[in-house]
Structure formats: structure tokens, C-alpha cells
file final-v8.pdb (PDB, C-alpha atoms)
ATOM      1  CA  MET A  18       0.000   0.000   0.000
ATOM      2  CA  ALA A  19       1.376   3.330  -0.978
ATOM      3  CA  GLY A  20       1.129   6.097   1.539
ATOM      4  CA  ASN A  21       2.526   9.462   2.401
ATOM      5  CA  GLY A  22       5.229   9.982   4.933
ATOM      6  CA  PRO A  23       7.697   7.629   6.559
ATOM      7  CA  ASN A  24       6.873   4.002   7.276
ATOM      8  CA  ALA A  25       6.024   3.057  10.820
ATOM      9  CA  ILE A  26       8.677   1.285  12.859
ATOM     10  CA  LEU A  27       7.397  -2.191  13.660
ATOM     11  CA  THR A  28       8.579  -4.501  16.393
ATOM     12  CA  HIS A  29       9.464  -8.096  15.682
ATOM     13  CA  ALA A  30       6.222  -9.290  17.286
ATOM     14  CA  GLN A  31       4.164  -6.947  15.111
ATOM     15  CA  ARG A  32       5.908  -8.146  11.973
ATOM     16  CA  VAL A  33       5.274 -11.773  12.954
ATOM     17  CA  CYS A  34       1.577 -11.085  13.628
ATOM     18  CA  ARG A  35       1.185  -9.324  10.298
ATOM     19  CA  LEU A  36       3.002 -12.120   8.491
ATOM     20  CA  TYR A  37       0.678 -14.663  10.110
ATOM     21  CA  LYS A  38      -2.433 -12.733   9.127
ATOM     22  CA  ARG A  39      -1.252 -12.192   5.548
ATOM     23  CA  SER A  40      -0.352 -15.885   5.335
ATOM     24  CA  LEU A  41      -3.864 -16.854   6.423
ATOM     25  CA  ARG A  42      -5.335 -14.530   3.793
ATOM     26  CA  CYS A  43      -3.064 -16.090   1.194
ATOM     27  CA  LEU A  44      -4.269 -19.563   2.207
ATOM     28  CA  GLU A  45      -7.857 -18.358   1.820
ATOM     29  CA  ASP A  46      -7.059 -17.180  -1.689
ATOM     30  CA  TRP A  47      -5.663 -20.580  -2.698
ATOM     31  CA  ALA A  48      -8.199 -22.799  -0.910
ATOM     32  CA  HIS A  49     -11.087 -24.201  -2.930
ATOM     33  CA  LYS A  50     -12.851 -25.861  -0.001
ATOM     34  CA  ARG A  51     -13.263 -24.668   3.546
ATOM     35  CA  GLU A  52     -11.932 -27.892   5.060
ATOM     36  CA  ASP A  53      -8.758 -27.631   2.970
ATOM     37  CA  TYR A  54      -8.278 -24.090   4.213
ATOM     38  CA  ARG A  55      -8.796 -25.082   7.861
ATOM     39  CA  PHE A  56      -6.306 -27.957   7.600
ATOM     40  CA  LYS A  57      -3.671 -25.704   6.033
ATOM     41  CA  ALA A  58      -4.382 -22.983   8.613
ATOM     42  CA  VAL A  59      -3.764 -25.460  11.457
ATOM     43  CA  MET A  60      -0.516 -26.545   9.812
ATOM     44  CA  LEU A  61       0.517 -22.896   9.402
ATOM     45  CA  ARG A  62      -0.219 -22.217  13.072
ATOM     46  CA  ALA A  63       1.929 -25.211  14.017
ATOM     47  CA  ARG A  64       4.799 -23.773  11.959
ATOM     48  CA  PHE A  65       4.494 -20.451  13.810
ATOM     49  CA  ASP A  66       4.230 -22.179  17.201
ATOM     50  CA  GLU A  67       7.470 -24.098  16.582
ATOM     51  CA  THR A  68       9.408 -20.837  16.684
ATOM     52  CA  ARG A  69       8.128 -19.876  20.156
ATOM     53  CA  LYS A  70      10.814 -21.984  21.813
ATOM     54  CA  ILE A  71      13.638 -20.212  20.001
ATOM     55  CA  LYS A  72      15.206 -17.413  22.038
ATOM     56  CA  ASP A  73      17.975 -16.272  19.677
ATOM     57  CA  MET A  74      16.736 -13.093  17.942
ATOM     58  CA  ARG A  75      19.183 -13.515  15.054
ATOM     59  CA  VAL A  76      17.615 -16.847  14.161
ATOM     60  CA  LEU A  77      14.103 -15.437  14.593
ATOM     61  CA  ALA A  78      14.893 -12.432  12.393
ATOM     62  CA  GLN A  79      16.296 -14.729   9.698
ATOM     63  CA  GLN A  80      13.195 -16.942   9.871
ATOM     64  CA  LEU A  81      10.971 -13.876   9.622
ATOM     65  CA  GLU A  82      12.778 -12.708   6.477
ATOM     66  CA  GLU A  83      12.484 -16.188   4.985
ATOM     67  CA  GLY A  84       8.776 -16.307   5.869
ATOM     68  CA  GLU A  85       8.108 -12.960   4.210
ATOM     69  CA  ALA A  86      10.013 -14.122   1.105
ATOM     70  CA  GLU A  87       8.000 -17.383   1.075
ATOM     71  CA  LEU A  88       4.751 -15.427   1.328
ATOM     72  CA  ALA A  89       5.796 -13.179  -1.554
ATOM     73  CA  ALA A  90       6.682 -16.208  -3.668
ATOM     74  CA  ASN A  91       3.426 -18.044  -2.909
ATOM     75  CA  SER A  92       1.020 -15.119  -3.058
ATOM     76  CA  HIS A  93      -2.038 -15.508  -5.242
ATOM     77  CA  GLU A  94      -2.107 -13.669  -8.566
ATOM     78  CA  ASP A  95      -5.729 -12.614  -8.043
ATOM     79  CA  PRO A  96      -6.263 -12.212  -4.286
ATOM     80  CA  VAL A  97      -9.650 -11.661  -2.702
ATOM     81  CA  VAL A  98     -10.185  -7.966  -1.990
ATOM     82  CA  PHE A  99     -12.864  -6.835   0.447
ATOM     83  CA  LYS A 100     -15.413  -4.595  -1.191
ATOM     84  CA  SER A 101     -14.641  -1.459   0.858
ATOM     85  CA  ASP A 102     -10.853  -1.823   0.714
ATOM     86  CA  PRO A 103      -8.674  -0.117  -1.906
ATOM     87  CA  GLY A 104      -9.206  -2.056  -5.109
ATOM     88  CA  GLY A 105     -12.662  -3.222  -4.015
ATOM     89  CA  ILE A 106     -15.802  -2.557  -5.999
ATOM     90  CA  VAL A 107     -17.252   0.075  -3.636
ATOM     91  CA  TYR A 108     -14.037   1.739  -2.424
ATOM     92  CA  ARG A 109     -14.665   5.497  -2.035
ATOM     93  CA  ARG A 110     -18.017   5.173  -3.752
ATOM     94  CA  ALA A 111     -20.045   7.196  -1.273
ATOM     95  CA  LEU A 112     -17.918  10.162  -0.343
ATOM     96  CA  PRO A 113     -19.311  12.341   2.430
ATOM     97  CA  HIS A 114     -20.982  15.512   1.230
ATOM     98  CA  GLU A 115     -19.700  18.413   3.281
ATOM     99  CA  ASP A 116     -22.430  20.542   4.814
ATOM    100  CA  TRP A 117     -20.859  23.853   3.823
ATOM    101  CA  LEU A 118     -21.263  22.911   0.165
ATOM    102  CA  TYR A 119     -25.026  23.309   0.517
ATOM    103  CA  ASP A 120     -24.452  26.983   1.303
ATOM    104  CA  GLN A 121     -22.852  27.373  -2.141
ATOM    105  CA  TYR A 122     -26.006  26.351  -4.016
ATOM    106  CA  HIS A 123     -27.550  29.002  -6.198
ATOM    107  CA  PRO A 124     -31.044  30.157  -5.094
ATOM    108  CA  TRP A 125     -32.537  28.641  -8.248
ATOM    109  CA  GLU A 126     -31.033  25.286  -7.290
ATOM    110  CA  GLN A 127     -32.377  25.702  -3.773
ATOM    111  CA  CYS A 128     -35.873  26.257  -5.161
ATOM    112  CA  LEU A 129     -35.746  22.840  -6.786
ATOM    113  CA  MET A 130     -35.179  21.247  -3.361
ATOM    114  CA  ARG A 131     -37.159  23.644  -1.207
ATOM    115  CA  ASP A 132     -38.232  21.073   1.415
ATOM    116  CA  PHE A 133     -34.655  19.963   1.986
ATOM    117  CA  PHE A 134     -33.299  23.491   2.373
ATOM    118  CA  ASP A 135     -36.185  24.610   4.605
ATOM    119  CA  ASN A 136     -35.575  21.652   6.881
ATOM    120  CA  ARG A 137     -31.833  22.343   6.821
ATOM    121  CA  GLU A 138     -32.326  25.989   7.862
ATOM    122  CA  LYS A 139     -34.566  24.843  10.696
ATOM    123  CA  LEU A 140     -31.923  22.348  11.894
ATOM    124  CA  LYS A 141     -29.226  25.015  11.693
ATOM    125  CA  GLU A 142     -31.305  27.334  13.874
ATOM    126  CA  GLU A 143     -31.938  24.553  16.394
ATOM    127  CA  TYR A 144     -28.227  23.798  16.558
ATOM    128  CA  ASN A 145     -27.343  27.473  17.040
ATOM    129  CA  THR A 146     -29.884  27.740  19.858
ATOM    130  CA  TYR A 147     -28.501  24.604  21.493
ATOM    131  CA  PHE A 148     -24.963  25.902  21.142
ATOM    132  CA  GLU A 149     -25.836  29.255  22.727
ATOM    133  CA  LYS A 150     -27.692  27.636  25.631
ATOM    134  CA  SER A 151     -25.283  24.902  26.589
ATOM    135  CA  LEU A 152     -21.962  24.655  24.806
ATOM    136  CA  SER A 153     -20.995  28.316  24.738
ATOM    137  CA  LYS A 154     -21.385  28.515  28.529
ATOM    138  CA  LYS A 155     -19.669  25.214  29.103
ATOM    139  CA  TYR A 156     -16.569  26.065  27.080
ATOM    140  CA  LYS A 157     -16.362  29.738  27.923
ATOM    141  CA  PRO A 158     -12.749  30.901  27.820
ATOM    142  CA  GLU A 159     -11.213  31.949  31.100
ATOM    143  CA  PRO A 160     -10.489  35.662  31.419
ATOM    144  CA  ASN A 161      -6.824  36.558  31.540
ATOM    145  CA  VAL A 162      -5.934  37.976  34.920
ATOM    146  CA  VAL A 163      -2.962  40.294  34.804
TER     147      VAL A 163
END
call {"tool": "encode", "arguments": {"input": "final-v8.pdb", "output": "C-alpha cells"}}
result
Amino acid sequence: MAGNGPNAILTHAQRVCRLYKRSLRCLEDWAHKREDYRFKAVMLRARFDETRKIKDMRVLAQQLEEGEAELAANSHEDPVVFKSDPGGIVYRRALPHEDWLYDQYHPWEQCLMRDFFDNREKLKEEYNTYFEKSLSKKYKPEPNVV
């Protein structure tokens, strides 16, 4: 995944957990039957549990690198992508409509949706009244005493 800014610094345990989860997802991609997937998932868990007894971090780091290379080599060419994730069919489909954009509508456009804009003005007034009654008193700035 491409992103902006520096990559996060991950601990060894975090990298192992992420490798395990990605490996399970890869098994799901390759499995045709649920029982095949479950059997392979149990075998994968056994492989991860074998390394719990090892205390030497050099060996563990080497095994982690080998595991990540194995995952890259065995990854599916057409992985399953969840529908709301990047690459999914509904990713960024319904973007939120900012409320201030309604203020930019031309009066002729507002006439076409009169009920909506009347109700919106009423809700804005109710919110302003609520703000004046409760929130403005609650978060009143302290006077500076010199």
C-alpha cells in the first residue's frame, strides 16, 4: 500500500503477527474448499508455534525474512479484496458531502429542493440555539488575569 510519509517502525512481534495474518489470507485465496483451508491454517499455526521456543533473535529475524520471502513467492495472482478496501468494488463510492457545500447552491437550485433546504435551515437554527444555551457557557474561555 502506498502512503505518504515515513513508514512506521514495527517490532518483531508486530511483523510476525502481520506475516501470520497475511499468510492466512493467502491460504484463503488458494483454498477451494473450507476444510482444505482449515487444515492448512492449522498446519501454518503449528509452523508459527514451533518458533516460540527459540530465544535467539538472530535466528528469529532470519526466519521472519524467509517467511516474508515465502509469502511473496506463494502469493495468489488474483487475491480476494474486500469490497470497501482499496481495489474493491465500492471503495470510495459514497464520499461524504460536506455541509458547507449546501451553502454554495444558487437560489434557483435551492428552489428545486425547497423542502430539503427549509428543513436544513430549521436544523441550523436549532443547533445554534442549542450551542448558545449549553456549549458556549460550558466552554467559555477563562479571562486573563494580569
call {"tool": "residues_around", "arguments": {"input": "final-v8.pdb", "residues": "Glu94 of chain A", "least_positions_apart": "4", "cutoff": "12 Å", "atoms": "all atoms listed in the file", "output": "list in words"}}
result
Cys43, Asp46, Trp47, Ala89, Ala90 and Val98 of chain A
call {"tool": "axis_aligned_box", "arguments": {"input": "final-v8.pdb", "around": "segment 124-133 of chain A", "padding_each_side": "4 Å", "output": "lines of an AutoDock Vina configuration file"}}
result
center_x = -34.6
center_y = 25.1
center_z = -3.1
size_x = 15.2
size_y = 18.2
size_z = 18.2
call {"tool": "resolve_selection", "arguments": {"input": "final-v8.pdb", "expression": "the PyMOL selection byres ((chain A and resi 29-34) around 10)", "output": "NGL selection string"}}
result
:A and (26-28 or 35-40 or 65 or 74 or 77-78 or 80-82 or 84-85)
call {"tool": "atom_distance", "arguments": {"input": "final-v8.pdb", "atom1": "atom CA of Cys128 of chain A", "atom2": "atom CA of Glu143 of chain A"}}
result
22.0 Å
call {"tool": "atom_distance", "arguments": {"input": "final-v8.pdb", "atom1": "atom CA of Ala86 of chain A", "atom2": "atom CA of Tyr54 of chain A"}}
result
21.1 Å
call {"tool": "atom_distance", "arguments": {"input": "final-v8.pdb", "atom1": "atom CA of Lys57 of chain A", "atom2": "atom CA of Leu44 of chain A"}}
result
7.3 Å
call {"tool": "residues_around", "arguments": {"input": "final-v8.pdb", "residues": "Lys100 of chain A", "least_positions_apart": "6", "cutoff": "12 Å", "atoms": "only C-alpha atoms", "output": "JSON, numbers by chain"}}
result
{"A": [106, 107, 108, 109, 110]}
call {"tool": "write_last_selection", "arguments": {"input": "final-v8.pdb", "atoms": "C-alpha atoms", "output": "CSV table (one decimal), in the frame of the given file"}}
result
chain,number,residue,atom,x,y,z
A,106,ILE,CA,-15.8,-2.6,-6.0
A,107,VAL,CA,-17.3,0.1,-3.6
A,108,TYR,CA,-14.0,1.7,-2.4
A,109,ARG,CA,-14.7,5.5,-2.0
A,110,ARG,CA,-18.0,5.2,-3.8
call {"tool": "closest_residue", "arguments": {"input": "final-v8.pdb", "among": "A:Lys70, A:His114, A:His93, A:Lys155", "to": "Arg42 of chain A", "atoms": "all atoms listed in the file"}}
result
A:His93
call {"tool": "decode", "arguments": {"input": "final-v8.pdb", "residues": "segment 94-142 of chain A", "atoms": "N, CA and C atoms", "output": "PDB file, in the first residue's frame"}}
result
ATOM      1  N   GLU A  94      -2.161 -14.709  -7.532  1.00  0.00           N
ATOM      2  CA  GLU A  94      -2.107 -13.669  -8.566  1.00  0.00           C
ATOM      3  C   GLU A  94      -3.370 -12.822  -8.609  1.00  0.00           C
ATOM      4  N   ASP A  95      -4.472 -13.363  -8.080  1.00  0.00           N
ATOM      5  CA  ASP A  95      -5.729 -12.614  -8.043  1.00  0.00           C
ATOM      6  C   ASP A  95      -6.339 -12.745  -6.648  1.00  0.00           C
ATOM      7  N   PRO A  96      -5.790 -12.031  -5.661  1.00  0.00           N
ATOM      8  CA  PRO A  96      -6.263 -12.212  -4.286  1.00  0.00           C
ATOM      9  C   PRO A  96      -7.666 -11.645  -4.085  1.00  0.00           C
ATOM     10  N   VAL A  97      -8.334 -12.161  -3.065  1.00  0.00           N
ATOM     11  CA  VAL A  97      -9.650 -11.661  -2.702  1.00  0.00           C
ATOM     12  C   VAL A  97      -9.472 -10.284  -2.064  1.00  0.00           C
ATOM     13  N   VAL A  98     -10.245  -9.325  -2.526  1.00  0.00           N
ATOM     14  CA  VAL A  98     -10.185  -7.966  -1.990  1.00  0.00           C
ATOM     15  C   VAL A  98     -11.553  -7.648  -1.409  1.00  0.00           C
ATOM     16  N   PHE A  99     -11.595  -7.199  -0.159  1.00  0.00           N
ATOM     17  CA  PHE A  99     -12.864  -6.835   0.447  1.00  0.00           C
ATOM     18  C   PHE A  99     -13.449  -5.636  -0.288  1.00  0.00           C
ATOM     19  N   LYS A 100     -14.761  -5.578  -0.328  1.00  0.00           N
ATOM     20  CA  LYS A 100     -15.413  -4.595  -1.191  1.00  0.00           C
ATOM     21  C   LYS A 100     -15.121  -3.146  -0.824  1.00  0.00           C
ATOM     22  N   SER A 101     -14.880  -2.844   0.453  1.00  0.00           N
ATOM     23  CA  SER A 101     -14.641  -1.459   0.858  1.00  0.00           C
ATOM     24  C   SER A 101     -13.162  -1.101   0.930  1.00  0.00           C
ATOM     25  N   ASP A 102     -12.290  -2.073   0.676  1.00  0.00           N
ATOM     26  CA  ASP A 102     -10.853  -1.823   0.714  1.00  0.00           C
ATOM     27  C   ASP A 102     -10.378  -1.235  -0.608  1.00  0.00           C
ATOM     28  N   PRO A 103      -9.201  -0.616  -0.632  1.00  0.00           N
ATOM     29  CA  PRO A 103      -8.674  -0.117  -1.906  1.00  0.00           C
ATOM     30  C   PRO A 103      -8.578  -1.258  -2.919  1.00  0.00           C
ATOM     31  N   GLY A 104      -9.143  -1.020  -4.087  1.00  0.00           N
ATOM     32  CA  GLY A 104      -9.206  -2.056  -5.109  1.00  0.00           C
ATOM     33  C   GLY A 104     -10.526  -2.802  -5.112  1.00  0.00           C
ATOM     34  N   GLY A 105     -11.356  -2.585  -4.077  1.00  0.00           N
ATOM     35  CA  GLY A 105     -12.662  -3.222  -4.015  1.00  0.00           C
ATOM     36  C   GLY A 105     -13.671  -2.489  -4.880  1.00  0.00           C
ATOM     37  N   ILE A 106     -14.834  -3.114  -5.054  1.00  0.00           N
ATOM     38  CA  ILE A 106     -15.802  -2.557  -5.999  1.00  0.00           C
ATOM     39  C   ILE A 106     -16.520  -1.315  -5.471  1.00  0.00           C
ATOM     40  N   VAL A 107     -16.561  -1.109  -4.167  1.00  0.00           N
ATOM     41  CA  VAL A 107     -17.252   0.075  -3.636  1.00  0.00           C
ATOM     42  C   VAL A 107     -16.306   1.006  -2.882  1.00  0.00           C
ATOM     43  N   TYR A 108     -15.001   0.879  -3.116  1.00  0.00           N
ATOM     44  CA  TYR A 108     -14.037   1.739  -2.424  1.00  0.00           C
ATOM     45  C   TYR A 108     -14.254   3.197  -2.837  1.00  0.00           C
ATOM     46  N   ARG A 109     -14.448   4.052  -1.867  1.00  0.00           N
ATOM     47  CA  ARG A 109     -14.665   5.497  -2.035  1.00  0.00           C
ATOM     48  C   ARG A 109     -15.859   5.812  -2.939  1.00  0.00           C
ATOM     49  N   ARG A 110     -16.856   4.931  -2.906  1.00  0.00           N
ATOM     50  CA  ARG A 110     -18.017   5.173  -3.752  1.00  0.00           C
ATOM     51  C   ARG A 110     -18.892   6.286  -3.172  1.00  0.00           C
ATOM     52  N   ALA A 111     -19.169   6.208  -1.895  1.00  0.00           N
ATOM     53  CA  ALA A 111     -20.045   7.196  -1.273  1.00  0.00           C
ATOM     54  C   ALA A 111     -19.192   8.151  -0.441  1.00  0.00           C
ATOM     55  N   LEU A 112     -18.704   9.174  -1.071  1.00  0.00           N
ATOM     56  CA  LEU A 112     -17.918  10.162  -0.343  1.00  0.00           C
ATOM     57  C   LEU A 112     -18.848  11.059   0.457  1.00  0.00           C
ATOM     58  N   PRO A 113     -18.439  11.475   1.632  1.00  0.00           N
ATOM     59  CA  PRO A 113     -19.311  12.341   2.430  1.00  0.00           C
ATOM     60  C   PRO A 113     -19.475  13.702   1.763  1.00  0.00           C
ATOM     61  N   HIS A 114     -20.690  14.205   1.802  1.00  0.00           N
ATOM     62  CA  HIS A 114     -20.982  15.512   1.230  1.00  0.00           C
ATOM     63  C   HIS A 114     -20.859  16.532   2.359  1.00  0.00           C
ATOM     64  N   GLU A 115     -19.936  17.430   2.233  1.00  0.00           N
ATOM     65  CA  GLU A 115     -19.700  18.413   3.281  1.00  0.00           C
ATOM     66  C   GLU A 115     -20.881  19.378   3.380  1.00  0.00           C
ATOM     67  N   ASP A 116     -21.246  19.720   4.595  1.00  0.00           N
ATOM     68  CA  ASP A 116     -22.430  20.542   4.814  1.00  0.00           C
ATOM     69  C   ASP A 116     -22.261  21.959   4.253  1.00  0.00           C
ATOM     70  N   TRP A 117     -21.055  22.486   4.294  1.00  0.00           N
ATOM     71  CA  TRP A 117     -20.859  23.853   3.823  1.00  0.00           C
ATOM     72  C   TRP A 117     -21.089  23.973   2.324  1.00  0.00           C
ATOM     73  N   LEU A 118     -21.029  22.851   1.603  1.00  0.00           N
ATOM     74  CA  LEU A 118     -21.263  22.911   0.165  1.00  0.00           C
ATOM     75  C   LEU A 118     -22.715  23.288  -0.159  1.00  0.00           C
ATOM     76  N   TYR A 119     -23.632  22.940   0.747  1.00  0.00           N
ATOM     77  CA  TYR A 119     -25.026  23.309   0.517  1.00  0.00           C
ATOM     78  C   TYR A 119     -25.212  24.826   0.538  1.00  0.00           C
ATOM     79  N   ASP A 120     -24.358  25.521   1.262  1.00  0.00           N
ATOM     80  CA  ASP A 120     -24.452  26.983   1.303  1.00  0.00           C
ATOM     81  C   ASP A 120     -24.041  27.607  -0.038  1.00  0.00           C
ATOM     82  N   GLN A 121     -23.323  26.860  -0.862  1.00  0.00           N
ATOM     83  CA  GLN A 121     -22.852  27.373  -2.141  1.00  0.00           C
ATOM     84  C   GLN A 121     -23.874  27.221  -3.263  1.00  0.00           C
ATOM     85  N   TYR A 122     -24.993  26.549  -2.975  1.00  0.00           N
ATOM     86  CA  TYR A 122     -26.006  26.351  -4.016  1.00  0.00           C
ATOM     87  C   TYR A 122     -26.615  27.692  -4.423  1.00  0.00           C
ATOM     88  N   HIS A 123     -26.884  27.814  -5.681  1.00  0.00           N
ATOM     89  CA  HIS A 123     -27.550  29.002  -6.198  1.00  0.00           C
ATOM     90  C   HIS A 123     -29.013  28.978  -5.742  1.00  0.00           C
ATOM     91  N   PRO A 124     -29.635  30.151  -5.515  1.00  0.00           N
ATOM     92  CA  PRO A 124     -31.044  30.157  -5.094  1.00  0.00           C
ATOM     93  C   PRO A 124     -31.980  29.409  -6.037  1.00  0.00           C
ATOM     94  N   TRP A 125     -31.690  29.396  -7.316  1.00  0.00           N
ATOM     95  CA  TRP A 125     -32.537  28.641  -8.248  1.00  0.00           C
ATOM     96  C   TRP A 125     -32.414  27.142  -7.986  1.00  0.00           C
ATOM     97  N   GLU A 126     -31.201  26.701  -7.629  1.00  0.00           N
ATOM     98  CA  GLU A 126     -31.033  25.286  -7.290  1.00  0.00           C
ATOM     99  C   GLU A 126     -31.730  24.972  -5.973  1.00  0.00           C
ATOM    100  N   GLN A 127     -31.707  25.921  -5.044  1.00  0.00           N
ATOM    101  CA  GLN A 127     -32.377  25.702  -3.773  1.00  0.00           C
ATOM    102  C   GLN A 127     -33.886  25.610  -3.940  1.00  0.00           C
ATOM    103  N   CYS A 128     -34.441  26.323  -4.915  1.00  0.00           N
ATOM    104  CA  CYS A 128     -35.873  26.257  -5.161  1.00  0.00           C
ATOM    105  C   CYS A 128     -36.305  24.870  -5.624  1.00  0.00           C
ATOM    106  N   LEU A 129     -35.412  24.186  -6.320  1.00  0.00           N
ATOM    107  CA  LEU A 129     -35.746  22.840  -6.786  1.00  0.00           C
ATOM    108  C   LEU A 129     -35.859  21.848  -5.639  1.00  0.00           C
ATOM    109  N   MET A 130     -35.144  22.131  -4.537  1.00  0.00           N
ATOM    110  CA  MET A 130     -35.179  21.247  -3.361  1.00  0.00           C
ATOM    111  C   MET A 130     -35.604  22.059  -2.140  1.00  0.00           C
ATOM    112  N   ARG A 131     -36.707  22.725  -2.241  1.00  0.00           N
ATOM    113  CA  ARG A 131     -37.159  23.644  -1.207  1.00  0.00           C
ATOM    114  C   ARG A 131     -37.360  22.956   0.132  1.00  0.00           C
ATOM    115  N   ASP A 132     -37.984  21.774   0.149  1.00  0.00           N
ATOM    116  CA  ASP A 132     -38.232  21.073   1.415  1.00  0.00           C
ATOM    117  C   ASP A 132     -36.919  20.766   2.135  1.00  0.00           C
ATOM    118  N   PHE A 133     -35.947  20.294   1.386  1.00  0.00           N
ATOM    119  CA  PHE A 133     -34.655  19.963   1.986  1.00  0.00           C
ATOM    120  C   PHE A 133     -34.012  21.200   2.610  1.00  0.00           C
ATOM    121  N   PHE A 134     -33.980  22.296   1.869  1.00  0.00           N
ATOM    122  CA  PHE A 134     -33.299  23.491   2.373  1.00  0.00           C
ATOM    123  C   PHE A 134     -34.068  24.153   3.508  1.00  0.00           C
ATOM    124  N   ASP A 135     -35.410  24.080   3.480  1.00  0.00           N
ATOM    125  CA  ASP A 135     -36.185  24.610   4.605  1.00  0.00           C
ATOM    126  C   ASP A 135     -35.894  23.808   5.872  1.00  0.00           C
ATOM    127  N   ASN A 136     -35.870  22.504   5.728  1.00  0.00           N
ATOM    128  CA  ASN A 136     -35.575  21.652   6.881  1.00  0.00           C
ATOM    129  C   ASN A 136     -34.142  21.883   7.365  1.00  0.00           C
ATOM    130  N   ARG A 137     -33.219  22.082   6.454  1.00  0.00           N
ATOM    131  CA  ARG A 137     -31.833  22.343   6.821  1.00  0.00           C
ATOM    132  C   ARG A 137     -31.690  23.653   7.586  1.00  0.00           C
ATOM    133  N   GLU A 138     -32.373  24.706   7.141  1.00  0.00           N
ATOM    134  CA  GLU A 138     -32.326  25.989   7.862  1.00  0.00           C
ATOM    135  C   GLU A 138     -32.903  25.848   9.269  1.00  0.00           C
ATOM    136  N   LYS A 139     -33.959  25.078   9.382  1.00  0.00           N
ATOM    137  CA  LYS A 139     -34.566  24.843  10.696  1.00  0.00           C
ATOM    138  C   LYS A 139     -33.586  24.109  11.613  1.00  0.00           C
ATOM    139  N   LEU A 140     -32.906  23.089  11.092  1.00  0.00           N
ATOM    140  CA  LEU A 140     -31.923  22.348  11.894  1.00  0.00           C
ATOM    141  C   LEU A 140     -30.736  23.222  12.266  1.00  0.00           C
ATOM    142  N   LYS A 141     -30.319  24.103  11.370  1.00  0.00           N
ATOM    143  CA  LYS A 141     -29.226  25.015  11.693  1.00  0.00           C
ATOM    144  C   LYS A 141     -29.606  25.962  12.822  1.00  0.00           C
ATOM    145  N   GLU A 142     -30.832  26.448  12.794  1.00  0.00           N
ATOM    146  CA  GLU A 142     -31.305  27.334  13.874  1.00  0.00           C
ATOM    147  C   GLU A 142     -31.367  26.583  15.196  1.00  0.00           C
TER     148      GLU A 142
END
